[in-house]
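Student: Next up, entry-v1.cif (mmCIF, C-alpha atoms).
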data_run
#
loop_
_atom_site.label_atom_id
_atom_site.label_comp_id
_atom_site.auth_asym_id
_atom_site.auth_seq_id
_atom_site.Cartn_x
_atom_site.Cartn_y
_atom_site.Cartn_z
CA MET A 1 -19.13 9.79 5.42
CA ASP A 2 -20.20 12.96 3.55
CA LYS A 3 -17.21 14.73 5.04
CA LEU A 4 -14.97 11.86 4.01
CA ALA A 5 -16.32 12.00 0.45
CA PHE A 6 -15.66 15.74 0.34
CA GLU A 7 -12.09 15.22 1.50
CA PHE A 8 -11.67 12.46 -1.08
CA PHE A 9 -12.33 14.90 -3.90
CA ASN A 10 -9.68 17.17 -2.39
CA ILE A 11 -7.41 14.19 -2.63
CA ILE A 12 -3.93 15.74 -2.65
CA LEU A 13 -3.21 16.88 0.88
CA PRO A 14 -0.34 19.39 1.42
CA ALA A 15 2.52 18.16 3.58
CA SER A 16 2.60 19.92 6.95
CA LYS A 17 5.48 22.07 8.06
CA VAL A 18 7.67 20.51 10.71
CA GLU A 19 6.35 22.71 13.52
CA GLU A 20 2.74 22.20 12.47
CA ALA A 21 3.30 18.46 12.22
CA ALA A 22 4.79 18.37 15.71
CA ASN A 23 1.76 20.20 17.10
CA ASN A 24 -0.59 17.85 15.27
CA ILE A 25 1.19 14.82 16.73
CA LYS A 26 0.98 16.28 20.24
CA ASP A 27 -2.74 16.92 19.80
CA LEU A 28 -3.35 13.42 18.47
CA LEU A 29 -1.38 11.79 21.26
CA ALA A 30 -3.26 13.87 23.80
CA THR A 31 -6.63 12.69 22.50
CA GLY A 32 -5.52 9.11 21.77
CA ASN A 33 -6.73 9.36 18.19
CA VAL A 34 -3.55 8.49 16.28
CA ASP A 35 -4.78 5.05 15.20
CA HIS A 36 -8.22 6.43 14.36
CA GLU A 37 -6.67 9.16 12.23
CA VAL A 38 -4.53 6.67 10.32
CA GLU A 39 -7.49 4.32 9.77
CA ASP A 40 -9.57 7.16 8.33
CA ASN A 41 -6.69 8.16 6.08
CA ILE A 42 -6.18 4.58 4.88
CA LEU A 43 -9.81 4.62 3.78
CA LYS A 44 -9.15 7.81 1.81
CA ALA A 45 -6.12 6.18 0.22
CA GLU A 46 -8.18 3.10 -0.69
CA LEU A 47 -10.74 5.38 -2.32
CA TYR A 48 -7.91 7.07 -4.19
CA VAL A 49 -6.44 3.85 -5.60
CA SER A 50 -9.93 2.60 -6.45
CA ASN A 51 -10.57 5.79 -8.39
CA ILE A 52 -7.30 5.92 -10.32
CA SER A 53 -7.42 2.18 -11.09
CA GLN A 54 -10.30 3.03 -13.46
CA GLN A 55 -8.21 5.60 -15.32
CA GLU A 56 -5.38 5.36 -17.83
CA ILE A 57 -2.61 6.84 -15.71
CA PRO A 58 1.08 6.19 -16.46
CA LEU A 59 2.73 4.11 -13.76
CA ASN A 60 5.08 6.41 -11.85
CA THR A 61 6.31 7.29 -8.38
CA LYS A 62 3.66 9.99 -8.00
CA ILE A 63 1.08 7.30 -7.23
CA LEU A 64 3.20 6.04 -4.33
CA CYS A 65 3.80 9.59 -3.09
CA ASN A 66 0.08 10.38 -3.18
CA ILE A 67 -0.71 7.24 -1.16
CA SER A 68 1.89 8.19 1.46
CA LYS A 69 0.61 11.77 1.57
CA LEU A 70 -2.99 10.67 2.02
CA ILE A 71 -2.17 8.41 4.95
CA TYR A 72 0.28 10.65 6.80
CA GLY A 73 0.11 14.13 5.24
CA ARG A 74 -1.78 15.73 8.12
CA MET A 75 0.60 14.31 10.73
CA TYR A 76 4.14 14.22 9.35
CA SER A 77 6.19 16.61 7.22
CA TRP A 78 7.93 13.75 5.36
CA ALA A 79 4.67 12.28 4.03
CA GLY A 80 4.65 11.88 0.25
CA GLN A 81 8.34 12.71 -0.08
CA LEU A 82 10.31 9.99 -1.83
CA LYS A 83 13.85 9.50 -0.52
CA LYS A 84 16.22 10.68 -3.25
CA GLU A 85 18.63 7.81 -2.69
CA ASN A 86 15.80 5.27 -3.17
CA ARG A 87 14.15 6.79 -6.25
CA GLY A 88 16.21 4.84 -8.78
CA CYS A 89 15.44 1.47 -7.19
CA VAL A 90 11.71 2.25 -6.96
CA GLU A 91 11.62 3.41 -10.57
CA ALA A 92 13.27 0.13 -11.58
CA VAL A 93 10.48 -1.78 -9.79
CA LEU A 94 7.83 0.25 -11.60
CA GLY A 95 9.69 -0.24 -14.88
CA ARG A 96 9.52 -4.02 -14.62
CA ILE A 97 5.81 -3.85 -13.82
CA SER A 98 5.18 -1.67 -16.88
CA ASN A 99 7.25 -3.93 -19.14
CA GLN A 100 5.39 -7.08 -18.10
CA TRP A 101 1.93 -5.61 -17.55
CA ASP A 102 0.34 -6.67 -20.86
CA TYR A 103 1.61 -10.23 -20.42
CA SER A 104 0.27 -10.37 -16.87
CA LEU A 105 -3.24 -9.69 -18.18
CA LEU A 106 -3.15 -13.11 -19.86
CA ASP A 107 -0.97 -15.10 -17.46
CA GLU A 108 -2.19 -15.61 -13.90
CA GLU A 109 1.18 -16.87 -12.66
CA LEU A 110 2.94 -13.77 -13.97
CA ARG A 111 0.18 -11.60 -12.48
CA LEU A 112 0.72 -13.09 -9.02
CA GLU A 113 4.49 -12.82 -9.42
CA LEU A 114 4.21 -9.14 -10.31
CA LEU A 115 2.02 -8.47 -7.28
CA ALA A 116 4.54 -10.22 -5.01
CA TYR A 117 7.45 -8.43 -6.70
CA SER A 118 5.74 -5.04 -6.36
CA TYR A 119 4.92 -5.52 -2.69
CA HIS A 120 8.34 -6.80 -1.76
CA GLY A 121 10.10 -4.22 -3.94
CA ILE A 122 8.56 -1.31 -2.03
CA LEU A 123 9.24 -2.93 1.35
CA LYS A 124 12.82 -3.73 0.38
CA HIS A 125 13.72 -0.25 -0.88
CA ARG A 126 11.70 1.64 1.77
CA PRO A 127 11.15 4.82 -0.28
CA PHE A 128 9.51 6.73 2.60
CA PHE A 129 10.65 7.54 6.12
CA ASP A 130 7.89 5.35 7.56
CA GLY A 131 4.66 3.61 6.57
CA ASN A 132 6.18 1.64 3.69
CA GLU A 133 4.12 -1.50 4.30
CA LYS A 134 0.87 0.43 4.12
CA VAL A 135 2.00 2.18 0.92
CA ALA A 136 3.08 -1.18 -0.54
CA ARG A 137 -0.25 -2.82 0.29
CA LEU A 138 -2.30 -0.01 -1.20
CA PHE A 139 -0.14 0.17 -4.33
CA VAL A 140 -0.50 -3.59 -4.87
CA ASN A 141 -4.25 -3.18 -4.38
CA TYR A 142 -4.17 -0.51 -7.09
CA LEU A 143 -2.52 -3.01 -9.45
CA ALA A 144 -5.01 -5.71 -8.43
CA LEU A 145 -8.02 -3.46 -9.02
CA LYS A 146 -6.72 -2.69 -12.52
CA GLN A 147 -6.93 -6.43 -13.18
CA ASP A 148 -10.45 -6.73 -11.72
CA LEU A 149 -9.18 -8.40 -8.55
CA PRO A 150 -10.57 -7.57 -5.07
CA LEU A 151 -8.94 -5.44 -2.41
CA PHE A 152 -6.85 -7.64 -0.15
CA THR A 153 -4.32 -7.58 2.67
CA ILE A 154 -1.02 -9.44 2.53
CA SER A 155 0.37 -9.00 6.04
CA PRO A 156 -1.43 -10.89 8.82
CA SER A 157 -2.18 -9.42 12.20
CA LYS A 158 0.62 -9.71 14.74
CA LYS A 159 -1.97 -11.25 17.05
CA ASP A 160 -1.88 -14.28 14.73
CA GLU A 161 1.64 -15.06 15.91
CA LYS A 162 2.18 -18.26 13.89
CA ASN A 163 0.98 -16.77 10.61
CA HIS A 164 2.87 -13.55 11.20
CA LYS A 165 6.14 -15.42 11.75
CA LYS A 166 5.50 -17.33 8.53
CA TYR A 167 4.93 -14.00 6.74
CA ILE A 168 8.24 -12.61 8.06
CA ARG A 169 10.03 -15.74 6.80
CA GLU A 170 8.43 -15.23 3.39
CA LEU A 171 9.76 -11.68 3.27
CA GLN A 172 13.21 -12.92 4.22
CA LEU A 173 13.09 -15.48 1.42
CA ALA A 174 12.02 -12.72 -0.97
CA ASP A 175 15.07 -10.74 0.17
CA SER A 176 17.21 -13.65 -1.00
CA GLY A 177 15.44 -13.75 -4.37
CA ASP A 178 12.76 -16.39 -3.72
CA LEU A 179 9.35 -14.78 -4.30
CA ILE A 180 7.41 -18.06 -4.51
CA PRO A 181 6.21 -18.23 -0.85
CA LEU A 182 5.03 -14.59 -0.95
CA LYS A 183 3.39 -15.23 -4.33
CA GLU A 184 1.55 -18.24 -2.90
CA ARG A 185 0.39 -16.19 0.10
CA ILE A 186 -1.13 -13.64 -2.29
CA ARG A 187 -2.78 -16.42 -4.28
CA THR A 188 -4.39 -17.81 -1.13
CA VAL A 189 -5.51 -14.41 0.14
CA LEU A 190 -6.98 -13.46 -3.23
CA TYR A 191 -8.98 -16.67 -3.49
CA ILE A 192 -10.35 -16.14 0.02
CA SER A 193 -11.22 -12.53 -0.83
CA ALA A 194 -12.89 -13.48 -4.09
CA ASP A 195 -14.80 -16.57 -2.92
CA GLY A 196 -15.32 -16.08 0.79
CA ILE A 197 -17.26 -13.68 2.94
CA SER A 198 -14.76 -10.87 2.39
CA THR A 199 -15.60 -9.72 -1.12
CA ILE A 200 -14.57 -6.37 -2.61
CA ARG A 201 -15.03 -3.61 -0.08
CA LEU A 202 -13.37 -0.45 1.06
CA GLY A 203 -12.00 -0.08 4.56
CA PRO A 204 -8.78 -0.18 6.55
CA SER A 205 -7.34 -3.63 7.07
CA ALA A 206 -4.65 -5.03 9.33
CA SER A 207 -1.03 -4.47 8.37
CA VAL A 208 2.34 -4.75 10.00
CA THR A 209 3.94 -1.72 11.59
CA ASP A 210 7.10 -0.71 9.75
#
Represent the supplied structure as structure tokens.
Tutor:
Amino acid sequence: MDKLAFEFFNIILPASKVEEAANNIKDLLATGNVDHEVEDNILKAELYVSNISQQEIPLNTKILCNISKLIYGRMYSWAGQLKKENRGCVEAVLGRISNQWDYSLLDEELRLELLAYSYHGILKHRPFFDGNEKVARLFVNYLALKQDLPLFTISPSKKDEKNHKKYIRELQLADSGDLIPLKERIRTVLYISADGISTIRLGPSASVTD
């Protein structure tokens, strides 16, 4: 944990060169530690969003890029690099959040809608080559922490087949413009996180593979 804390303070990890990334992937595959590496990096990213949620930082794409870089920067050369063709759409998502942020502090329904909109917006526009669900979850957690809400996970485990299918249907409805089912999922998850055994904590949580 001391090593992890040290790496947290060196929070911006440089993207690897393609050749270096390829060698890293080979090494990880050889040792079977790919999942372990990602889990450790998700913890670093959770620490990052927890830290910046306490600061007055303008909402911009750099936050998303830093999350991506923290999770994948030591494995893939594309980590933290926003697709140019997707930048405009992502900036539009962030713009709506900024415009409605003050109102969401007073209106729980708008707060939940913004969380659902933010999560779906990142998944829909897929600003990174891979890992968009993890970036979306951590970014929404950043927004939640700024509103004194607990860390939470939106996507259920694929092992929970029934719930996972329901989640996929909710994303499909969001694609068609209906955010209500996804919003209600977040409401339920947040209440469980706030009132149940799983209170605020740091640590990797289940998410879909994208």
Student: Quick one: pull the distance between CA of Leu143 (chain A) and CA of Lys162 (chain A), Å, one decimal.
Tutor: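 CA of Leu143 (chain A) sits 28.3 Å away from CA of Lys162 (chain A).
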Student: Can you list, as a PDB file with C-alpha atoms, keeping the file's coordinate frame, the residues that the PyMOL selection byres ((chain A and resi 63) around 10) selects here?
Tutor:
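Writing the result to expr-v1.pdb gives the following:
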ATOM      1  CA  TYR A  48      -7.910   7.070  -4.190  1.00  0.00           C
ATOM      2  CA  VAL A  49      -6.440   3.850  -5.600  1.00  0.00           C
ATOM      3  CA  ILE A  52      -7.300   5.920 -10.320  1.00  0.00           C
ATOM      4  CA  ILE A  57      -2.610   6.840 -15.710  1.00  0.00           C
ATOM      5  CA  PRO A  58       1.080   6.190 -16.460  1.00  0.00           C
ATOM      6  CA  LEU A  59       2.730   4.110 -13.760  1.00  0.00           C
ATOM      7  CA  ASN A  60       5.080   6.410 -11.850  1.00  0.00           C
ATOM      8  CA  THR A  61       6.310   7.290  -8.380  1.00  0.00           C
ATOM      9  CA  LYS A  62       3.660   9.990  -8.000  1.00  0.00           C
ATOM     10  CA  LEU A  64       3.200   6.040  -4.330  1.00  0.00           C
ATOM     11  CA  CYS A  65       3.800   9.590  -3.090  1.00  0.00           C
ATOM     12  CA  ASN A  66       0.080  10.380  -3.180  1.00  0.00           C
ATOM     13  CA  ILE A  67      -0.710   7.240  -1.160  1.00  0.00           C
ATOM     14  CA  SER A  68       1.890   8.190   1.460  1.00  0.00           C
ATOM     15  CA  LYS A  69       0.610  11.770   1.570  1.00  0.00           C
ATOM     16  CA  GLY A  80       4.650  11.880   0.250  1.00  0.00           C
ATOM     17  CA  VAL A 135       2.000   2.180   0.920  1.00  0.00           C
ATOM     18  CA  PHE A 139      -0.140   0.170  -4.330  1.00  0.00           C
ATOM     19  CA  TYR A 142      -4.170  -0.510  -7.090  1.00  0.00           C
TER      20      TYR A 142
END
Student: Measuring atom to atom with all atoms listed in the file, identify which of A:Lys166, A:Pro150, A:Asn41, A:Ser176 is nearest to Val189 (chain A).
Tutor: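 Counting all atoms listed in the file, the residue closest to Val189 (chain A) is A:Pro150.
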Student: Between A:Lys165, A:Lys83, A:Lys134, A:His120, which has the minimum distance to Leu70 (chain A) (counting all atoms listed in the file)?
Tutor: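 Closest to Leu70 (chain A) of all the choices is A:Lys134.
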Student: What does the structure give for the distance between CA of Arg185 (chain A) and CA of Glu170 (chain A), in Å to one decimal?
Tutor: 8.7 Å
Student: Which one of A:Met75, A:Leu123, A:Ala136, A:Val90 sits closest to Phe152 (chain A) if you count all atoms listed in the file?
Tutor: A:Ala136
Student: CA of Ala79 (chain A) and CA of His164 (chain A), how far apart in Å?
Tutor: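 Interatomic distance, CA of His164 (chain A) to CA of Ala79 (chain A): 26.9 Å.
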Student: Extract, using only C-alpha atoms, all DNA, RNA and protein residues at most 10 Å from Tyr117 (chain A), discarding same-chain residues fewer than 5 positions from it, and format them as JSON, numbers by chain.
Tutor: {"A": [93, 94, 96, 97, 111, 112, 122, 123, 140, 174, 177, 179, 180, 182, 183]}
Student: Residues at most 9 Å from region 153-157 of chain A, counting only C-alpha atoms, excluding those fewer than 3 positions away in the same chain, as a list in words?
Tutor: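 The residues satisfying every condition are Tyr119, Glu133, Arg137, Leu138, Asn141, Asp160, Glu161, Asn163, His164, Tyr167, Ile168, Leu182, Arg185, Ile186, Val189, Leu190, Ser205, Ala206, Ser207 and Val208 of chain A.
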Student: Given the choices A:Asp148, A:Asp107, A:Glu39, A:Glu85, which gets closest to Phe129 (chain A) if the distance is worked out from only C-alpha atoms?
Tutor: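 Residue with the minimum atom-to-atom distance to Phe129 (chain A): A:Glu85.
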